[in-house]
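Okay, entry26.cif now, which holds mmCIF, C-alpha atoms:
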data_run
loop_
_atom_site.group_PDB
_atom_site.id
_atom_site.type_symbol
_atom_site.label_atom_id
_atom_site.label_comp_id
_atom_site.auth_asym_id
_atom_site.auth_seq_id
_atom_site.Cartn_x
_atom_site.Cartn_y
_atom_site.Cartn_z
ATOM 1 C CA MET A 1 0.000 0.000 0.000
ATOM 2 C CA ALA A 2 1.307 3.439 -0.924
ATOM 3 C CA PRO A 3 2.368 5.492 2.119
ATOM 4 C CA LYS A 4 -0.154 8.223 1.294
ATOM 5 C CA HIS A 5 -2.995 5.722 1.837
ATOM 6 C CA LYS A 6 -1.760 4.254 5.116
ATOM 7 C CA PHE A 7 -3.262 6.898 7.387
ATOM 8 C CA ALA A 8 -6.714 6.572 5.822
ATOM 9 C CA ALA A 9 -6.475 2.776 5.999
ATOM 10 C CA ARG A 10 -5.543 2.896 9.684
ATOM 11 C CA GLU A 11 -8.467 5.199 10.451
ATOM 12 C CA ALA A 12 -10.833 2.895 8.544
ATOM 13 C CA VAL A 13 -9.700 -0.143 10.534
ATOM 14 C CA VAL A 14 -10.061 1.635 13.880
ATOM 15 C CA ARG A 15 -13.494 2.979 12.930
ATOM 16 C CA TRP A 16 -14.626 -0.492 11.812
ATOM 17 C CA LEU A 17 -13.466 -2.017 15.099
ATOM 18 C CA GLN A 18 -15.243 0.669 17.130
ATOM 19 C CA GLU A 19 -18.497 0.410 15.187
ATOM 20 C CA THR A 20 -18.800 -3.366 14.949
ATOM 21 C CA GLY A 21 -17.312 -4.569 18.219
ATOM 22 C CA HIS A 22 -15.725 -7.489 16.359
ATOM 23 C CA GLU A 23 -12.439 -8.950 17.578
ATOM 24 C CA PRO A 24 -10.584 -9.951 14.389
ATOM 25 C CA LEU A 25 -6.957 -10.537 13.574
ATOM 26 C CA VAL A 26 -5.483 -7.188 12.533
ATOM 27 C CA ARG A 27 -2.473 -6.891 10.286
ATOM 28 C CA VAL A 28 -0.098 -4.082 11.193
ATOM 29 C CA ASN A 29 2.907 -2.724 9.353
ATOM 30 C CA ALA A 30 6.263 -4.481 9.559
ATOM 31 C CA GLY A 31 8.563 -3.750 12.471
ATOM 32 C CA ASP A 32 11.198 -2.113 10.263
ATOM 33 C CA SER A 33 8.695 0.384 8.861
ATOM 34 C CA PRO A 34 8.034 3.820 10.387
ATOM 35 C CA TYR A 35 4.332 2.966 10.683
ATOM 36 C CA GLN A 36 4.097 0.063 13.134
ATOM 37 C CA ALA A 37 4.325 2.209 16.271
ATOM 38 C CA ASP A 38 1.444 4.379 15.025
ATOM 39 C CA ASP A 39 -0.567 1.254 14.177
ATOM 40 C CA LEU A 40 -0.203 -0.065 17.711
ATOM 41 C CA ALA A 41 -0.977 3.327 19.242
ATOM 42 C CA ALA A 42 -4.127 3.616 17.110
ATOM 43 C CA LEU A 43 -5.344 0.204 18.194
ATOM 44 C CA GLY A 44 -4.840 1.270 21.797
ATOM 45 C CA SER A 45 -7.350 -0.424 24.065
ATOM 46 C CA LEU A 46 -9.437 -1.895 21.226
ATOM 47 C CA ARG A 47 -9.999 -5.622 21.557
ATOM 48 C CA VAL A 48 -8.579 -7.809 18.797
ATOM 49 C CA ALA A 49 -8.114 -11.564 18.564
ATOM 50 C CA GLY A 50 -4.507 -11.186 17.522
ATOM 51 C CA VAL A 51 -1.974 -9.251 15.484
ATOM 52 C CA ILE A 52 -0.602 -10.359 12.112
ATOM 53 C CA VAL A 53 2.999 -9.187 11.820
ATOM 54 C CA PRO A 54 4.522 -9.112 8.305
ATOM 55 C CA LYS A 55 8.155 -9.644 7.329
ATOM 56 C CA VAL A 56 9.245 -11.318 10.565
ATOM 57 C CA ASN A 57 12.876 -12.329 10.045
ATOM 58 C CA THR A 58 14.025 -13.080 13.594
ATOM 59 C CA PRO A 59 12.493 -13.090 17.093
ATOM 60 C CA ARG A 60 13.780 -9.519 17.497
ATOM 61 C CA ASP A 61 11.128 -8.353 15.035
ATOM 62 C CA LEU A 62 8.458 -9.243 17.594
ATOM 63 C CA HIS A 63 10.164 -7.436 20.470
ATOM 64 C CA ALA A 64 8.211 -4.163 20.259
ATOM 65 C CA LEU A 65 4.916 -6.033 20.218
ATOM 66 C CA ARG A 66 5.877 -8.250 23.140
ATOM 67 C CA VAL A 67 6.862 -5.193 25.199
ATOM 68 C CA GLY A 68 4.046 -2.859 24.192
ATOM 69 C CA TRP A 69 1.264 -5.420 23.933
ATOM 70 C CA PRO A 70 2.272 -8.409 26.080
ATOM 71 C CA ALA A 71 -1.183 -10.020 26.099
ATOM 72 C CA ALA A 72 -1.557 -10.057 22.312
ATOM 73 C CA THR A 73 -1.494 -13.291 20.338
ATOM 74 C CA LEU A 74 0.959 -12.854 17.479
ATOM 75 C CA PHE A 75 0.768 -14.335 13.992
ATOM 76 C CA PRO A 76 4.136 -13.818 12.262
ATOM 77 C CA LEU A 77 4.212 -13.837 8.472
ATOM 78 C CA ILE A 78 7.227 -15.745 7.194
ATOM 79 C CA GLU A 79 8.020 -14.041 3.893
ATOM 80 C CA THR A 80 11.815 -14.041 3.578
ATOM 81 C CA ALA A 81 14.668 -16.523 3.451
ATOM 82 C CA GLN A 82 15.878 -15.213 6.804
ATOM 83 C CA GLY A 83 12.456 -15.682 8.354
ATOM 84 C CA LEU A 84 12.317 -19.241 7.060
ATOM 85 C CA GLU A 85 15.789 -19.917 8.473
ATOM 86 C CA HIS A 86 14.687 -18.691 11.921
ATOM 87 C CA ALA A 87 11.155 -20.116 11.814
ATOM 88 C CA THR A 88 11.545 -22.378 14.858
ATOM 89 C CA GLU A 89 12.953 -19.525 16.965
ATOM 90 C CA ILE A 90 10.134 -17.233 15.835
ATOM 91 C CA ALA A 91 7.513 -19.877 16.587
ATOM 92 C CA SER A 92 8.999 -20.281 20.079
ATOM 93 C CA VAL A 93 8.522 -16.616 21.052
ATOM 94 C CA PRO A 94 5.973 -16.390 23.906
ATOM 95 C CA GLY A 95 2.608 -15.283 22.587
ATOM 96 C CA VAL A 96 3.018 -16.604 19.045
ATOM 97 C CA GLY A 97 -0.162 -18.424 18.036
ATOM 98 C CA GLN A 98 0.602 -19.629 14.517
ATOM 99 C CA LEU A 99 3.044 -19.082 11.692
ATOM 100 C CA LEU A 100 1.703 -17.758 8.383
ATOM 101 C CA LEU A 101 3.375 -18.332 5.020
ATOM 102 C CA GLY A 102 3.707 -15.434 2.584
ATOM 103 C CA ALA A 103 4.984 -17.192 -0.524
ATOM 104 C CA LEU A 104 4.863 -14.316 -3.013
ATOM 105 C CA ASP A 105 7.208 -12.126 -0.999
ATOM 106 C CA LEU A 106 9.373 -15.146 -0.186
ATOM 107 C CA HIS A 107 9.893 -15.756 -3.901
ATOM 108 C CA ALA A 108 10.697 -12.080 -4.442
ATOM 109 C CA ASP A 109 13.163 -12.100 -1.551
ATOM 110 C CA CYS A 110 14.917 -15.137 -3.027
ATOM 111 C CA GLY A 111 14.911 -13.747 -6.569
ATOM 112 C CA ILE A 112 12.872 -16.705 -7.841
ATOM 113 C CA ASP A 113 9.871 -16.486 -10.160
ATOM 114 C CA TYR A 114 6.560 -17.498 -8.573
ATOM 115 C CA PRO A 115 5.514 -20.255 -8.277
ATOM 116 C CA HIS A 116 8.594 -22.440 -7.793
ATOM 117 C CA PRO A 117 7.455 -25.899 -6.610
ATOM 118 C CA ALA A 118 10.680 -26.772 -4.787
ATOM 119 C CA LEU A 119 10.768 -23.490 -2.863
ATOM 120 C CA LEU A 120 7.090 -23.797 -1.944
ATOM 121 C CA GLU A 121 7.547 -27.358 -0.706
ATOM 122 C CA HIS A 122 10.642 -26.407 1.292
ATOM 123 C CA ALA A 123 8.895 -23.420 2.882
ATOM 124 C CA ARG A 124 5.737 -25.337 3.709
ATOM 125 C CA LEU A 125 7.569 -28.239 5.285
ATOM 126 C CA GLY A 126 9.785 -25.786 7.149
ATOM 127 C CA LEU A 127 6.819 -24.078 8.797
ATOM 128 C CA VAL A 128 5.149 -27.388 9.637
ATOM 129 C CA LEU A 129 8.319 -28.647 11.333
ATOM 130 C CA ALA A 130 8.987 -25.327 13.090
ATOM 131 C CA SER A 131 5.450 -25.243 14.475
ATOM 132 C CA ARG A 132 5.721 -28.810 15.668
ATOM 133 C CA CYS A 133 9.092 -28.185 17.339
ATOM 134 C CA ALA A 134 7.766 -25.070 19.083
ATOM 135 C CA GLY A 135 4.605 -26.838 20.222
ATOM 136 C CA ILE A 136 2.185 -24.398 18.598
ATOM 137 C CA VAL A 137 -0.806 -24.903 16.310
ATOM 138 C CA ALA A 138 -0.123 -25.996 12.720
ATOM 139 C CA PRO A 139 0.678 -23.126 10.318
ATOM 140 C CA ILE A 140 -1.519 -21.258 7.838
ATOM 141 C CA ASP A 141 -0.731 -21.653 4.135
ATOM 142 C CA THR A 142 -0.016 -18.817 1.722
ATOM 143 C CA PRO A 143 -2.963 -17.138 -0.047
ATOM 144 C CA HIS A 144 -3.824 -17.902 -3.650
ATOM 145 C CA PRO A 145 -2.821 -14.752 -5.564
ATOM 146 C CA ALA A 146 -5.529 -14.856 -8.242
ATOM 147 C CA VAL A 147 -8.335 -13.101 -6.405
ATOM 148 C CA ARG A 148 -11.344 -14.438 -8.309
ATOM 149 C CA GLU A 149 -10.138 -17.904 -9.361
ATOM 150 C CA PHE A 150 -12.305 -19.569 -6.757
ATOM 151 C CA GLU A 151 -12.003 -23.082 -8.230
ATOM 152 C CA GLU A 152 -8.209 -22.801 -8.128
ATOM 153 C CA VAL A 153 -8.418 -21.591 -4.527
ATOM 154 C CA ALA A 154 -10.499 -24.642 -3.619
ATOM 155 C CA LYS A 155 -8.093 -27.002 -5.407
ATOM 156 C CA TYR A 156 -5.001 -25.693 -3.632
ATOM 157 C CA ALA A 157 -6.775 -25.491 -0.293
ATOM 158 C CA ARG A 158 -7.757 -29.168 -0.553
ATOM 159 C CA ALA A 159 -4.209 -30.089 -1.556
ATOM 160 C CA PHE A 160 -2.758 -28.638 1.633
ATOM 161 C CA ALA A 161 -5.586 -29.370 4.046
ATOM 162 C CA ARG A 162 -3.925 -32.632 5.090
ATOM 163 C CA PRO A 163 -0.118 -32.130 5.041
ATOM 164 C CA GLY A 164 0.252 -30.369 8.372
ATOM 165 C CA PHE A 165 -1.601 -27.096 7.747
ATOM 166 C CA ALA A 166 -4.483 -25.681 9.763
ATOM 167 C CA GLY A 167 -5.824 -23.212 7.206
ATOM 168 C CA LYS A 168 -5.090 -20.948 4.274
ATOM 169 C CA LEU A 169 -4.893 -17.177 4.063
ATOM 170 C CA CYS A 170 -7.566 -15.405 2.012
ATOM 171 C CA ILE A 171 -7.151 -12.140 0.116
ATOM 172 C CA HIS A 172 -10.781 -11.867 -1.019
ATOM 173 C CA PRO A 173 -14.047 -12.642 0.828
ATOM 174 C CA GLY A 174 -15.064 -14.895 -2.056
ATOM 175 C CA GLN A 175 -12.225 -17.276 -1.187
ATOM 176 C CA ILE A 176 -13.338 -17.924 2.385
ATOM 177 C CA ALA A 177 -16.027 -20.543 1.735
ATOM 178 C CA SER A 178 -13.718 -22.692 -0.405
ATOM 179 C CA VAL A 179 -10.954 -22.585 2.191
ATOM 180 C CA ALA A 180 -13.308 -23.334 5.069
ATOM 181 C CA ASP A 181 -14.806 -26.309 3.213
ATOM 182 C CA ALA A 182 -11.365 -27.706 2.393
ATOM 183 C CA PHE A 183 -10.165 -27.596 5.999
ATOM 184 C CA ARG A 184 -13.394 -28.716 7.642
ATOM 185 C CA PRO A 185 -13.084 -32.355 8.818
ATOM 186 C CA SER A 186 -15.253 -34.800 6.915
ATOM 187 C CA GLU A 187 -17.849 -36.863 8.728
ATOM 188 C CA GLU A 188 -15.656 -39.922 8.218
ATOM 189 C CA GLN A 189 -12.700 -38.145 9.850
ATOM 190 C CA LEU A 190 -14.880 -37.073 12.755
ATOM 191 C CA GLN A 191 -16.091 -40.635 13.281
ATOM 192 C CA TRP A 192 -12.505 -41.869 13.376
ATOM 193 C CA ALA A 193 -11.513 -39.092 15.755
ATOM 194 C CA ARG A 194 -14.388 -39.941 18.096
ATOM 195 C CA ALA A 195 -13.386 -43.596 18.225
ATOM 196 C CA ASP A 196 -13.127 -45.162 21.660
ATOM 197 C CA GLY A 197 -9.356 -45.485 21.580
ATOM 198 C CA ARG A 198 -9.190 -48.958 20.091
ATOM 199 C CA CYS A 199 -7.594 -50.085 16.871
ATOM 200 C CA ALA A 200 -7.093 -53.395 15.141
ATOM 201 C CA ARG A 201 -3.975 -54.049 17.210
ATOM 202 C CA GLY A 202 -5.367 -53.207 20.636
ATOM 203 C CA ARG A 203 -5.793 -50.087 22.717
ATOM 204 C CA LEU A 204 -4.390 -46.880 21.267
ATOM 205 C CA GLY A 205 -1.956 -46.390 24.123
ATOM 206 C CA GLU A 206 -0.575 -49.891 23.583
ATOM 207 C CA CYS A 207 -0.572 -49.795 19.794
ATOM 208 C CA PRO A 208 2.914 -50.519 18.432
ATOM 209 C CA ALA A 209 2.280 -48.000 15.659
ATOM 210 C CA GLY A 210 2.056 -45.217 18.266
ATOM 211 C CA ALA A 211 1.585 -41.822 16.632
ATOM 212 C CA HIS A 212 1.305 -43.537 13.244
ATOM 213 C CA CYS A 213 -1.935 -45.232 14.293
ATOM 214 C CA GLY A 214 -4.868 -44.177 12.110
ATOM 215 C CA ILE A 215 -6.926 -43.104 15.118
ATOM 216 C CA ALA A 216 -4.091 -40.962 16.475
ATOM 217 C CA ARG A 217 -3.717 -39.242 13.113
ATOM 218 C CA ALA A 218 -7.452 -38.738 12.797
ATOM 219 C CA ARG A 219 -7.694 -36.970 16.142
ATOM 220 C CA ARG A 220 -5.211 -34.267 15.216
ATOM 221 C CA PRO A 221 -7.538 -32.409 12.813
ATOM 222 C CA MET A 222 -10.018 -31.887 15.638
ATOM 223 C CA ALA A 223 -7.406 -29.919 17.550
ATOM 224 C CA ARG A 224 -5.866 -27.996 14.690
ATOM 225 C CA ARG A 225 -8.556 -27.463 12.061
ATOM 226 C CA LEU A 226 -11.651 -25.369 11.778
ATOM 227 C CA ARG A 227 -14.851 -26.291 13.534
ATOM 228 C CA PRO A 228 -17.960 -26.668 11.364
ATOM 229 C CA GLY A 229 -19.131 -23.183 10.468
ATOM 230 C CA ASP A 230 -15.769 -21.543 11.120
ATOM 231 C CA THR A 231 -13.542 -19.937 8.519
ATOM 232 C CA ALA A 232 -9.795 -19.481 8.397
ATOM 233 C CA LEU A 233 -8.745 -15.848 8.685
ATOM 234 C CA ARG A 234 -11.911 -13.918 8.073
ATOM 235 C CA GLY A 235 -12.133 -11.197 5.445
ATOM 236 C CA VAL A 236 -11.750 -8.128 7.638
ATOM 237 C CA PRO A 237 -10.075 -4.788 6.961
ATOM 238 C CA GLN A 238 -6.323 -4.975 7.479
ATOM 239 C CA MET A 239 -3.545 -2.451 7.953
ATOM 240 C CA ARG A 240 -1.190 -3.408 5.169
ATOM 241 C CA ARG A 241 2.432 -2.478 4.780
#
Show me this structure written as structure tokens.
Amino acid sequence: MAPKHKFAAREAVVRWLQETGHEPLVRVNAGDSPYQADDLAALGSLRVAGVIVPKVNTPRDLHALRVGWPAATLFPLIETAQGLEHATEIASVPGVGQLLLGALDLHADCGIDYPHPALLEHARLGLVLASRCAGIVAPIDTPHPAVREFEEVAKYARAFARPGFAGKLCIHPGQIASVADAFRPSEEQLQWARADGRCARGRLGECPAGAHCGIARARRPMARRLRPGDTALRGVPQMRR
């Protein structure tokens, strides 16, 4: 967003929060920009569910937020090679709720044309592993850049609903339904997850397959995915860098 529009955008977000009483995730400007401090001051005592922080390269980039807003849940956007390198450290910062992947900026930072399958796979696996190591909720996948290609959004959302992701970013309200449907557990998955702890080889706790047991795998989506009727990150006004 051009700097001349940032002040109007900030005012629009604050006004929307005051008028609606909603508690969304709000995206602020990056820590290395001259605008983040004003973003946080404008939010003041307004209630939000969390803060999306772009261009997080190291845990230091979350320092101002941790000091000025210690109770906030933070959602760092990993959009650079440095951020990907430090993903586990970033995920381990107190108050971090989930990691978010920003693949377009990651490609630009690496000087690679989008989309590059190997880079995308490396980044996605990196965030899944970092989240697991830090003990936080599974990460959120990068948004689909074509705003109105809703069928493509649905296809990519389904593709990454199973391999360790909890949701997918949306850049248009029309994408939300497709993403929510892709990440909502099926009835078959729910039945497996509600099983009584038995499998073909005995009780779950005694199963030699351990975490590889089908029931154990089936229960994970209930903890990390959307509940029926929920969406991923809802289409709300955001303060963009």
I would like the residues chosen by the PyMOL selection byres ((chain A and resi 172) around 9) on the shown file; could you give them as a compact mmCIF listing (two decimals) with C-alpha atoms, in the coordinates of the input?
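Output contents, as saved in out.txt:
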# COMPACT_ATOMS: atom_id res chain seq x y z
CA VAL A 147 -8.34 -13.10 -6.40
CA ARG A 148 -11.34 -14.44 -8.31
CA CYS A 170 -7.57 -15.40 2.01
CA ILE A 171 -7.15 -12.14 0.12
CA PRO A 173 -14.05 -12.64 0.83
CA GLY A 174 -15.06 -14.90 -2.06
CA GLN A 175 -12.22 -17.28 -1.19
CA ILE A 176 -13.34 -17.92 2.38
CA GLY A 235 -12.13 -11.20 5.44
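Within the 9 Å cut-off around Val96 in chain A, using all atoms listed in the file and omitting residues fewer than 4 positions from it on the same chain, the listed residues are Ala72, Thr73, Leu74, Phe75, Pro76, Ile90, Ala91, Ser92 and Ile136 of chain A.
The residue that comes closest to Lys168 in chain A, out of A:Gln82, A:Thr142, A:Gln189, A:Gln98 and on the basis of all atoms listed in the file, is A:Thr142.
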Check your understanding: With distances taken over all atoms listed in the file, which of A:Ile52, A:Ala8, A:Val153, A:Ala118 is nearest to Ala177 in chain A?
Key -> A:Val153
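Here CA of Phe150 in chain A is placed at a distance of 12.3 Å from CA of Ala182 in chain A.
For Ala123 in chain A, the list of residues within 10 Å, based on only C-alpha atoms and with local chain neighbours fewer than 2 positions off taken out, reads A:Ile78, A:Glu79, A:Thr80, A:Ala81, A:Leu84, A:Glu85, A:Ala87, A:Leu101, A:Gly102, A:Ala103, A:Leu106, A:Pro117, A:Ala118, A:Leu119, A:Leu120, A:Glu121, A:Leu125, A:Gly126, A:Leu127, A:Val128, A:Leu129, A:Asp141.
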Go ahead and write the residues just picked, C-alpha atoms, as a CSV table (one decimal), in the frame of the given file.
chain,number,residue,atom,x,y,z
A,78,ILE,CA,7.2,-15.7,7.2
A,79,GLU,CA,8.0,-14.0,3.9
A,80,THR,CA,11.8,-14.0,3.6
A,81,ALA,CA,14.7,-16.5,3.5
A,84,LEU,CA,12.3,-19.2,7.1
A,85,GLU,CA,15.8,-19.9,8.5
A,87,ALA,CA,11.2,-20.1,11.8
A,101,LEU,CA,3.4,-18.3,5.0
A,102,GLY,CA,3.7,-15.4,2.6
A,103,ALA,CA,5.0,-17.2,-0.5
A,106,LEU,CA,9.4,-15.1,-0.2
A,117,PRO,CA,7.5,-25.9,-6.6
A,118,ALA,CA,10.7,-26.8,-4.8
A,119,LEU,CA,10.8,-23.5,-2.9
A,120,LEU,CA,7.1,-23.8,-1.9
A,121,GLU,CA,7.5,-27.4,-0.7
A,125,LEU,CA,7.6,-28.2,5.3
A,126,GLY,CA,9.8,-25.8,7.1
A,127,LEU,CA,6.8,-24.1,8.8
A,128,VAL,CA,5.1,-27.4,9.6
A,129,LEU,CA,8.3,-28.6,11.3
A,141,ASP,CA,-0.7,-21.7,4.1
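Computed from the coordinates, the CA of Asn29 in chain A to CA of His122 in chain A distance equals 26.2 Å.
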Write out as a JSON list (two decimals) with C-alpha atoms, keeping the file's coordinate frame which residues come within 6 Å of range 61-64 of chain A when counting all atoms listed in the file, dropping same-chain ones fewer than 4 positions away.
[["chain", "number", "residue", "atom", "x", "y", "z"],
["A", 31, "GLY", "CA", 8.56, -3.75, 12.47],
["A", 56, "VAL", "CA", 9.24, -11.32, 10.56],
["A", 68, "GLY", "CA", 4.05, -2.86, 24.19]]
Review point. Using the chain letters and numbers from the file, which residues does the PyMOL selection byres ((chain A and resi 163) around 10) grab, as a ChimeraX atom specification?
Key: /A:124-125,128,138,158-162,164-166
**Study point:** the PyMOL selection byres ((chain A and resi 13-20) around 10) resolved against shown file, as an NGL selection string
**Key:** :A and (8-12 or 21-24 or 26-27 or 39 or 42-44 or 46-48 or 236-239)
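Atom to atom, CA of His116 in chain A and CA of Ile140 in chain A stand 18.7 Å apart.
In terms of minimum interatomic distance to His86 in chain A, A:Thr58 ranks closest within A:Thr58, A:Ser33, A:Ser178, A:Ala154, counting all atoms listed in the file.
Distance check against Val137 in chain A using all atoms listed in the file: of A:Gly167, A:Gly111, A:Val28, A:Glu149, the minimum falls on A:Gly167.
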Six-sided padding of 3 Å per side, axis-aligned box over range 105-114 of chain A, centre and edges in Å, one decimal, as AutoDock Vina command-line options:
--center_x 10.7 --center_y -14.8 --center_z -5.2 --size_x 14.4 --size_y 11.4 --size_z 16.0
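Using only C-alpha atoms for every distance, the candidate list A:Ala37, A:Ile112, A:Val179, A:Ala2 yields A:Ala37 as the residue closest to Val67 in chain A.
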Can you patch up range 163-172 of chain A, filling it in to all heavy atoms, and show the result as an mmCIF file, in the coordinates of the input?
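That gives us out38.cif:
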data_model
loop_
_atom_site.group_PDB
_atom_site.id
_atom_site.type_symbol
_atom_site.label_atom_id
_atom_site.label_comp_id
_atom_site.auth_asym_id
_atom_site.auth_seq_id
_atom_site.Cartn_x
_atom_site.Cartn_y
_atom_site.Cartn_z
ATOM 1 N N PRO A 163 -1.538 -32.041 4.669
ATOM 2 C CA PRO A 163 -0.118 -32.130 5.041
ATOM 3 C C PRO A 163 0.324 -31.107 6.084
ATOM 4 O O PRO A 163 1.170 -30.260 5.829
ATOM 5 C CB PRO A 163 0.616 -31.907 3.712
ATOM 6 C CG PRO A 163 -0.408 -31.955 2.647
ATOM 7 C CD PRO A 163 -1.677 -31.541 3.289
ATOM 8 N N GLY A 164 -0.273 -31.142 7.256
ATOM 9 C CA GLY A 164 0.252 -30.369 8.372
ATOM 10 C C GLY A 164 -0.206 -28.940 8.499
ATOM 11 O O GLY A 164 0.285 -28.221 9.367
ATOM 12 N N PHE A 165 -1.146 -28.479 7.671
ATOM 13 C CA PHE A 165 -1.601 -27.096 7.747
ATOM 14 C C PHE A 165 -2.976 -27.006 8.395
ATOM 15 O O PHE A 165 -3.797 -27.909 8.278
ATOM 16 C CB PHE A 165 -1.645 -26.459 6.356
ATOM 17 C CG PHE A 165 -0.293 -26.036 5.867
ATOM 18 C CD1 PHE A 165 0.535 -26.934 5.216
ATOM 19 C CD2 PHE A 165 0.168 -24.751 6.081
ATOM 20 C CE1 PHE A 165 1.797 -26.560 4.786
ATOM 21 C CE2 PHE A 165 1.424 -24.365 5.656
ATOM 22 C CZ PHE A 165 2.244 -25.271 5.006
ATOM 23 N N ALA A 166 -3.214 -25.880 9.064
ATOM 24 C CA ALA A 166 -4.483 -25.681 9.763
ATOM 25 C C ALA A 166 -5.434 -24.777 9.004
ATOM 26 O O ALA A 166 -6.595 -24.650 9.374
ATOM 27 C CB ALA A 166 -4.228 -25.082 11.151
ATOM 28 N N GLY A 167 -4.970 -24.120 7.950
ATOM 29 C CA GLY A 167 -5.824 -23.212 7.206
ATOM 30 C C GLY A 167 -5.048 -22.565 6.083
ATOM 31 O O GLY A 167 -3.881 -22.891 5.835
ATOM 32 N N LYS A 168 -5.708 -21.641 5.406
ATOM 33 C CA LYS A 168 -5.090 -20.948 4.274
ATOM 34 C C LYS A 168 -5.523 -19.491 4.308
ATOM 35 O O LYS A 168 -6.697 -19.188 4.553
ATOM 36 C CB LYS A 168 -5.522 -21.596 2.956
ATOM 37 C CG LYS A 168 -4.807 -21.077 1.716
ATOM 38 C CD LYS A 168 -5.207 -21.907 0.501
ATOM 39 C CE LYS A 168 -4.469 -21.444 -0.753
ATOM 40 N NZ LYS A 168 -3.010 -21.713 -0.664
ATOM 41 N N LEU A 169 -4.577 -18.597 4.095
ATOM 42 C CA LEU A 169 -4.893 -17.177 4.063
ATOM 43 C C LEU A 169 -5.805 -16.848 2.884
ATOM 44 O O LEU A 169 -5.714 -17.480 1.827
ATOM 45 C CB LEU A 169 -3.612 -16.351 3.950
ATOM 46 C CG LEU A 169 -2.708 -16.312 5.187
ATOM 47 C CD1 LEU A 169 -1.345 -15.750 4.822
ATOM 48 C CD2 LEU A 169 -3.342 -15.489 6.286
ATOM 49 N N CYS A 170 -6.668 -15.865 3.068
ATOM 50 C CA CYS A 170 -7.566 -15.405 2.012
ATOM 51 C C CYS A 170 -7.300 -13.930 1.745
ATOM 52 O O CYS A 170 -7.089 -13.158 2.679
ATOM 53 C CB CYS A 170 -9.025 -15.590 2.422
ATOM 54 S SG CYS A 170 -9.503 -17.306 2.700
ATOM 55 N N ILE A 171 -7.334 -13.548 0.470
ATOM 56 C CA ILE A 171 -7.151 -12.140 0.116
ATOM 57 C C ILE A 171 -8.409 -11.559 -0.507
ATOM 58 O O ILE A 171 -8.394 -10.425 -0.984
ATOM 59 C CB ILE A 171 -5.944 -11.948 -0.829
ATOM 60 C CG1 ILE A 171 -6.105 -12.793 -2.092
ATOM 61 C CG2 ILE A 171 -4.651 -12.284 -0.111
ATOM 62 C CD1 ILE A 171 -5.012 -12.540 -3.120
ATOM 63 N N HIS A 172 -9.499 -12.342 -0.500
ATOM 64 C CA HIS A 172 -10.781 -11.867 -1.019
ATOM 65 C C HIS A 172 -11.884 -12.627 -0.289
ATOM 66 O O HIS A 172 -11.759 -13.839 -0.061
ATOM 67 C CB HIS A 172 -10.871 -12.119 -2.530
ATOM 68 C CG HIS A 172 -12.084 -11.516 -3.168
ATOM 69 N ND1 HIS A 172 -13.325 -12.123 -3.125
ATOM 70 C CD2 HIS A 172 -12.249 -10.351 -3.853
ATOM 71 C CE1 HIS A 172 -14.201 -11.365 -3.765
ATOM 72 N NE2 HIS A 172 -13.580 -10.291 -4.213
#
